[in-house]
Amino acid sequence: MRLRNQESIRKVLPGGFSQAIKALITTLNLTNTYCSEAQSNYHHSMKSKTYRLDRFISKHSPFSMSDTRYLIAQKRILLDGHVAHSVQQTVTEFTHVVLDGHCLNDKQPVYLMLNKPKGVVSATKDSQHPTVLDMIQHPQKGELHIVGRLDLNTTGLVLLTNDGAWSRKVSLPETKLAKTYEVTLAKPLTDEYIAVFREGIYFAYENMTTQPACLEILSPYTARLSIIEGKYHQVKRMFGFFRNQVVALHRVSVGHIVLGDLEQGQSRLLRRRETEINEHY
């Protein structure tokens, strides 16, 4: 049964529990305020910087936009090793730009995975807890932002990059990248969970129903859950529908990017095939 509106949720929840759920969601919303500044910074960092070639030249050299046509005619500009041919060519933040033998832009994209320990904040800075960036040893770590945050006590796969376009591609629902978690519950699981998760659960606070999710029961108290969304505290709230508390939550993969045997607190660069989202989806 798909739970689509507030009336339907009243029919499946006892009155007292319905009030408890509302109180829980209010608490979660207040907690989310703590992360609002980090979330704002995250979206800002995901914006890719692109320029027309003439604008880039005027911004990064003594030459004006109108001068760029002459520079192109004289074959003095190289883009990624090739002679520039138009003022309208696009320069991204990772385009290698050379003018008269001098490099104007040589920024390299970085793609990292981290096995986040419990108690580490998915933020770039925090006054009370260690952050995921504190776990990273990389010369460009100051440029990195987080692709898909995890809660303070959730462990596992966190992706970091300085490539805003790649971040959006990974995060967009249209990409349909499955996020897979190993979940430990306080109460035993039943086959009913599988059917309900597959149909979707109505979240009254957002007035939306979750996309179909795949649940595999591993033992009476553990399961593997794959979802393609990332609503606030979504996994905990889905199991909360059954009044079953999530005791431990560990993300093992995002699409074809798998945490594998990476030790907790350790990070590594993604392999090229792991960054090629379009080839898999």
# chains A, B, ... in the order shown; residues from 1 in each chain; ligands from 1
>>> residues_around(residues="region 250-265 of chain A", least_positions_apart="4", cutoff="7 Å", atoms="only C-alpha atoms", output="ChimeraX atom specification")
/A:114-117,135,154-157,177-183,274
>>> write_last_selection(atoms="all heavy atoms", output="tab-separated table (two decimals), in the first residue's frame")
chain	number	residue	atom	x	y	z
A	114	LEU	N	36.43	8.30	1.61
A	114	LEU	CA	36.83	8.19	3.02
A	114	LEU	C	35.92	7.19	3.72
A	114	LEU	O	34.71	7.17	3.47
A	114	LEU	CB	36.72	9.55	3.70
A	114	LEU	CG	36.82	9.57	5.24
A	114	LEU	CD1	38.26	9.32	5.68
A	114	LEU	CD2	36.32	10.92	5.79
A	115	ASN	N	36.49	6.38	4.58
A	115	ASN	CA	35.70	5.53	5.46
A	115	ASN	C	35.50	6.31	6.76
A	115	ASN	O	36.38	6.31	7.63
A	115	ASN	CB	36.40	4.20	5.71
A	115	ASN	CG	35.52	3.21	6.47
A	115	ASN	OD1	34.48	3.58	7.02
A	115	ASN	ND2	35.92	1.97	6.52
A	116	LYS	N	34.37	6.99	6.86
A	116	LYS	CA	34.12	7.89	8.00
A	116	LYS	C	33.88	7.13	9.29
A	116	LYS	O	32.99	6.27	9.35
A	116	LYS	CB	32.92	8.79	7.71
A	116	LYS	CG	32.71	9.88	8.77
A	116	LYS	CD	31.46	10.68	8.52
A	116	LYS	CE	30.25	10.12	9.22
A	116	LYS	NZ	30.33	10.17	10.70
A	117	PRO	N	34.61	7.45	10.33
A	117	PRO	CA	34.34	6.84	11.63
A	117	PRO	C	33.13	7.49	12.32
A	117	PRO	O	32.71	8.59	11.96
A	117	PRO	CB	35.62	7.11	12.43
A	117	PRO	CG	36.63	7.62	11.45
A	117	PRO	CD	35.84	8.25	10.35
A	135	MET	N	40.39	14.05	8.53
A	135	MET	CA	40.82	12.67	8.24
A	135	MET	C	41.65	12.59	6.96
A	135	MET	O	42.26	11.56	6.69
A	135	MET	CB	39.60	11.76	8.07
A	135	MET	CG	38.58	11.77	9.20
A	135	MET	SD	39.09	10.77	10.61
A	135	MET	CE	39.59	12.07	11.75
A	154	THR	N	26.76	7.96	11.88
A	154	THR	CA	26.76	7.02	10.76
A	154	THR	C	28.18	6.88	10.23
A	154	THR	O	28.92	7.85	10.13
A	154	THR	CB	25.83	7.51	9.64
A	154	THR	OG1	24.50	7.64	10.16
A	154	THR	CG2	25.82	6.55	8.47
A	155	THR	N	28.57	5.65	9.91
A	155	THR	CA	29.92	5.38	9.43
A	155	THR	C	29.90	5.02	7.95
A	155	THR	O	28.84	4.81	7.36
A	155	THR	CB	30.55	4.23	10.23
A	155	THR	OG1	29.76	3.04	10.05
A	155	THR	CG2	30.60	4.54	11.72
A	156	GLY	N	31.10	4.93	7.38
A	156	GLY	CA	31.20	4.40	6.03
A	156	GLY	C	31.59	5.40	4.97
A	156	GLY	O	32.26	6.42	5.24
A	157	LEU	N	31.16	5.12	3.74
A	157	LEU	CA	31.63	5.79	2.55
A	157	LEU	C	31.19	7.26	2.46
A	157	LEU	O	30.00	7.55	2.45
A	157	LEU	CB	31.14	5.04	1.30
A	157	LEU	CG	31.49	5.64	-0.05
A	157	LEU	CD1	33.00	5.69	-0.26
A	157	LEU	CD2	30.83	4.83	-1.17
A	177	LEU	N	21.65	7.02	-8.73
A	177	LEU	CA	22.73	6.28	-8.09
A	177	LEU	C	22.23	5.71	-6.77
A	177	LEU	O	21.79	6.46	-5.90
A	177	LEU	CB	23.92	7.20	-7.81
A	177	LEU	CG	24.91	7.48	-8.94
A	177	LEU	CD1	26.02	8.37	-8.44
A	177	LEU	CD2	25.50	6.18	-9.47
A	178	ALA	N	22.29	4.41	-6.62
A	178	ALA	CA	21.82	3.76	-5.39
A	178	ALA	C	22.84	3.96	-4.28
A	178	ALA	O	24.04	3.73	-4.47
A	178	ALA	CB	21.57	2.28	-5.63
A	179	LYS	N	22.37	4.42	-3.12
A	179	LYS	CA	23.20	4.48	-1.93
A	179	LYS	C	22.85	3.28	-1.07
A	179	LYS	O	21.69	3.10	-0.69
A	179	LYS	CB	22.95	5.77	-1.14
A	179	LYS	CG	23.47	7.04	-1.81
A	179	LYS	CD	22.53	7.56	-2.84
A	179	LYS	CE	22.97	8.93	-3.39
A	179	LYS	NZ	22.11	9.37	-4.51
A	180	THR	N	23.84	2.45	-0.77
A	180	THR	CA	23.59	1.20	-0.07
A	180	THR	C	24.16	1.24	1.33
A	180	THR	O	25.31	1.65	1.53
A	180	THR	CB	24.18	0.01	-0.85
A	180	THR	OG1	23.59	-0.03	-2.16
A	180	THR	CG2	23.89	-1.31	-0.15
A	181	TYR	N	23.34	0.81	2.30
A	181	TYR	CA	23.69	0.86	3.72
A	181	TYR	C	23.54	-0.52	4.35
A	181	TYR	O	22.64	-1.28	3.99
A	181	TYR	CB	22.79	1.84	4.47
A	181	TYR	CG	22.85	3.26	3.99
A	181	TYR	CD1	22.10	3.67	2.88
A	181	TYR	CD2	23.63	4.20	4.63
A	181	TYR	CE1	22.14	4.98	2.43
A	181	TYR	CE2	23.68	5.51	4.19
A	181	TYR	CZ	22.94	5.90	3.09
A	181	TYR	OH	22.98	7.19	2.65
A	182	GLU	N	24.40	-0.80	5.32
A	182	GLU	CA	24.19	-1.93	6.22
A	182	GLU	C	23.59	-1.38	7.50
A	182	GLU	O	24.14	-0.43	8.10
A	182	GLU	CB	25.52	-2.64	6.48
A	182	GLU	CG	26.06	-3.35	5.25
A	182	GLU	CD	27.42	-3.98	5.48
A	182	GLU	OE1	28.04	-3.69	6.53
A	182	GLU	OE2	27.87	-4.73	4.59
A	183	VAL	N	22.46	-1.94	7.91
A	183	VAL	CA	21.68	-1.40	9.02
A	183	VAL	C	21.54	-2.44	10.12
A	183	VAL	O	21.25	-3.61	9.84
A	183	VAL	CB	20.28	-0.97	8.54
A	183	VAL	CG1	19.59	-0.12	9.61
A	183	VAL	CG2	20.35	-0.21	7.22
A	274	GLU	N	35.95	4.71	-11.49
A	274	GLU	CA	34.99	5.03	-10.43
A	274	GLU	C	34.42	6.43	-10.59
A	274	GLU	O	33.32	6.72	-10.08
A	274	GLU	CB	35.66	4.90	-9.06
A	274	GLU	CG	36.02	3.48	-8.69
A	274	GLU	CD	36.82	3.39	-7.41
A	274	GLU	OE1	37.73	4.23	-7.21
A	274	GLU	OE2	36.57	2.47	-6.60
>>> select_by_dssp(residues="region 29-224 of chain A", states="helix (DSSP H, G or I)", output="ChimeraX atom specification")
/A:29-34,36-45,53-60,67-73,132-135,141-143,164-171,173-175,191-199
>>> atom_distance(atom1="CA of Glu93 (chain A)", atom2="CA of Lys49 (chain A)")
5.6 Å
>>> residues_around(residues="Pro212 (chain A)", least_positions_apart="3", cutoff="9 Å", atoms="only C-alpha atoms", output="list in words")
Val196, Phe197, Arg198, Glu199, Gly200, Ile201, Ile227 and Ile228 of chain A
>>> write_last_selection(atoms="C-alpha atoms", output="PDB file, in the first residue's frame")
ATOM      1  CA  VAL A 196       6.548  -1.548   2.416  1.00  0.00           C
ATOM      2  CA  PHE A 197       9.977  -0.220   1.463  1.00  0.00           C
ATOM      3  CA  ARG A 198       9.416  -1.360  -2.115  1.00  0.00           C
ATOM      4  CA  GLU A 199       6.096   0.509  -2.271  1.00  0.00           C
ATOM      5  CA  GLY A 200       7.346   3.671  -0.578  1.00  0.00           C
ATOM      6  CA  ILE A 201       6.618   5.391   2.730  1.00  0.00           C
ATOM      7  CA  ILE A 227      17.860   3.914  -1.803  1.00  0.00           C
ATOM      8  CA  ILE A 228      18.208   6.441  -4.626  1.00  0.00           C
TER       9      ILE A 228
END
